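S.K.: Submitted below is the structure of interest, expressed as structure tokens.
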Amino acid sequence: MLIQKTTLANISHEKTLRYDVDYMKYEQSASGEFYTFKELFSIALNDIKDDNYLYDEFKYCEIGNADKNGVVYPVQLDFNKRDLINENYYKKIENGNIMTVDLDDILISKVRPYLKKYIRITSENKDVYYTTAFLRLVPKKMPSIMYYCLRSVFYEDLMAISRQGKGYPTITDKDLTELKFNKQVIDKLEQHEDEIKAEIEKIERKIEKKLKRIQRVQDVIDQIIEDEFDLSKEEYMKIERDNRVYVTQVSLLDKNVNARMSYRWNKAHEYQEHLKERVDCCDYLGKYIISTKNGWSPSCNDEEDGYQVLGIDAITFNGEISFENPKYSNVYKEDISSYYLQDGDFLVSRGNTVDLVALASVVKFDGDDVPETVYPDLMIKVEFDSEVDKQYMAYIFNSFIGRFYFKNSTKGKNQTMVKVSPQELSDFVVPLPDLSTQKRIAKRIKKQLDKQKGMVKEIQGLRSQIEERIVEVVMEQ
């Protein structure tokens with residue numbers, strides 16, 4: 001058990017009366033000479049200089065469009081071509097969730113800062129608009145070096161001043177002002193600034209070359225699905241841009257057990273009909289579903305004690321469950337074993353934003369030492385019969401075929417949280433060739449995704465070289 005002693009006088013120095021252990025430990029360890037946050041950084045206002053540009057094609061980046069290496073994968077938007085598939089982005093922008101940036105700015109995610117979704121603004125990503133869910137820092141000296149310092153030398157301090165709370169950790173502009181930077185460290189980095197900067201520029205040139213070869217996971221999947229079934233994603237986009245829907249009495253009766261008549265629901269069926277016209281091996285997924293079961297969400301903590309509980313972000317576009325950020329729980333119930341995941345389980349996100357709802361992933365455990373892992377209430381476990389290859393089906397769910405259908409067929413008044421039920425899963429029309437063909441397509445997609453993953457790891461390795469060099473300089477006597 002970690003015991004941290006403090007006094008009411010010490011607690012009272014912090015305006016919000018924080019008394020979490022990590023923060024108090026950081027406050028007591030930050031002794032000696034230091035630079036304040038305001039001496040090294042300023043925090044820029046979240047502004048947009050000219051919104052007229054939003055009526056031409058522009059790039060926009062949310063936290064989910066950046067990775068832990070600081071690489072940005074923005075979406076292309078244009079208010080003159082507003083479509084439902086990106087409606088969630090447009091609504092956020094209309095509510096002011098957008099800002100411009102300048103060269104050398106550093107963006108830090110306000111939510112889950114431990115994921116290191118920190119972005120350094122360069123000539124490559126300067127012309128992107130960003131969500132205000134990022135804090136925009138302006139370095140007053142050594143911008144490239146300070147960026148990598150926040151990812152390495154001062155990372156633990158950054159985590160200490162973030163707020164843990166009951167949900168995901170968060171960080172605010174006021175929290176950042178509490179940061180103290182060891183003066184000896186900063187001064188030593190300044191002495192070696194030219195040398196370190198030259199090394200950074202050399203490595204970042206290598207990174208830029210590799211970045212040009214990287215595709216978004218969804219684009220890789222979409223391209224192969226287009227090729228395999230002679231489909232065109234652009235034709236789906238044309239259907240999306242047509243604001244009319246064509247409805248008959250027969251179409252209202254067909255597969256409409258809940259008598260749904262909304263524009264979006266009918267649009268979903270236009271995509272289904274388009275798919276059936278183009279692909280001769282289509283069928284309703286419900287014919288192959290044996291069972292579905294919603295998950296369970298116990299109260300959790302961040303301490304690695306008890307069993308693992310997945311977060312909704314464990315379901316990824318690459319079709320494999322991520323175990324990177326689990327929570328933990330000691331809460332047990334009589335039938336808890338029915339919620340433990342097994343290798344090969346197929347999971348679908350039951351509730352999420354319109355962009356992420358009904359994403360699917362397959363559970364893959366490495367080795368025999370399988371941790372007890374529970375899937376949460378916002379996921380559905382689906383069991384298929386032997387005619388369905390689960391990995392292939394995850395790719396179909398995550399491709400444009402699934403994205404267009406589920407964004408229109410899900411239910412929810414608030415588009416920031418919509419739900420999918422077993423009924424929508426059953427009504428999903430999918431291309432379902434024979435099992436050997438499904439496996440071949442899944443293998444082809446995975447091969448391309450593995451290539452992309454390899455390049456991302458290479459980039460991560462190059463960034464680590466920079467961080468290690470900075471640490472090396474700091475530790476030199």
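Letters for chains follow the order of the structure tokens (A, B, ...), residue numbers begin at 1 for each chain, and ligand numbers begin at 1 in the order shown.
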Neighbouring residues of Gly70 in chain A were defined as those with any atom within 10 Å, considering only C-alpha atoms; residues of the same chain fewer than 5 positions away were excluded. Please report them as a list in words.

M.R.: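 So the residues in contact are Asn65, Leu107, Ile108, Lys116, Lys117, Tyr118, Ile119, Arg120, Ile121, Gln460 and Arg463 of chain A.
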
S.K.: Give me the residues near Phe428 in chain A as JSON, numbers by chain, where near means some atom within 12 Å (using only C-alpha atoms) and where sequence neighbours in that chain fewer than 3 positions away do not count.

M.R.: {"A": [255, 268, 269, 271, 272, 273, 275, 276, 282, 283, 284, 285, 286, 287, 288, 289, 358, 393, 396, 397, 401, 402, 403, 404, 405, 406, 407, 408, 409, 410, 420, 421, 422, 423, 424, 425, 431, 432]}

S.K.: May I ask which of the residues A:Ser361, A:Lys38, A:Glu124, A:Glu467 is the closest one to Lys212 in chain A, counting only C-alpha atoms?

M.R.: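 Ranking A:Ser361, A:Lys38, A:Glu124, A:Glu467 by distance to Lys212 in chain A, first place goes to A:Glu124.
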
S.K.: Based on DSSP run over this structure's backbone, return all residues of range 258-307 of chain A in alpha helix (DSSP H), as JSON, numbers by chain.

M.R.: {"A": [263, 264, 265, 266, 267, 268, 269, 270, 271, 272, 273, 274, 275, 276, 277, 278]}

S.K.: Between A:Ser123, A:Thr36, A:Ser399, A:Asn88, single out the one closest to Ile225 in chain A, counting only C-alpha atoms.

M.R.: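 Among the listed residues, A:Ser399 lies closest to Ile225 in chain A.
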
S.K.: Tell me, in Å to one decimal, how far CA of Asp377 in chain A is from CA of Gly311 in chain A.

M.R.: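 Between CA of Asp377 in chain A and CA of Gly311 in chain A the gap works out to 9.8 Å.
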
S.K.: Pick from A:Leu77, A:Leu462, A:Leu150, A:Leu115: nearest to Asn325 in chain A, with only C-alpha atoms counted?

M.R.: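 Among the listed residues, A:Leu115 lies closest to Asn325 in chain A.
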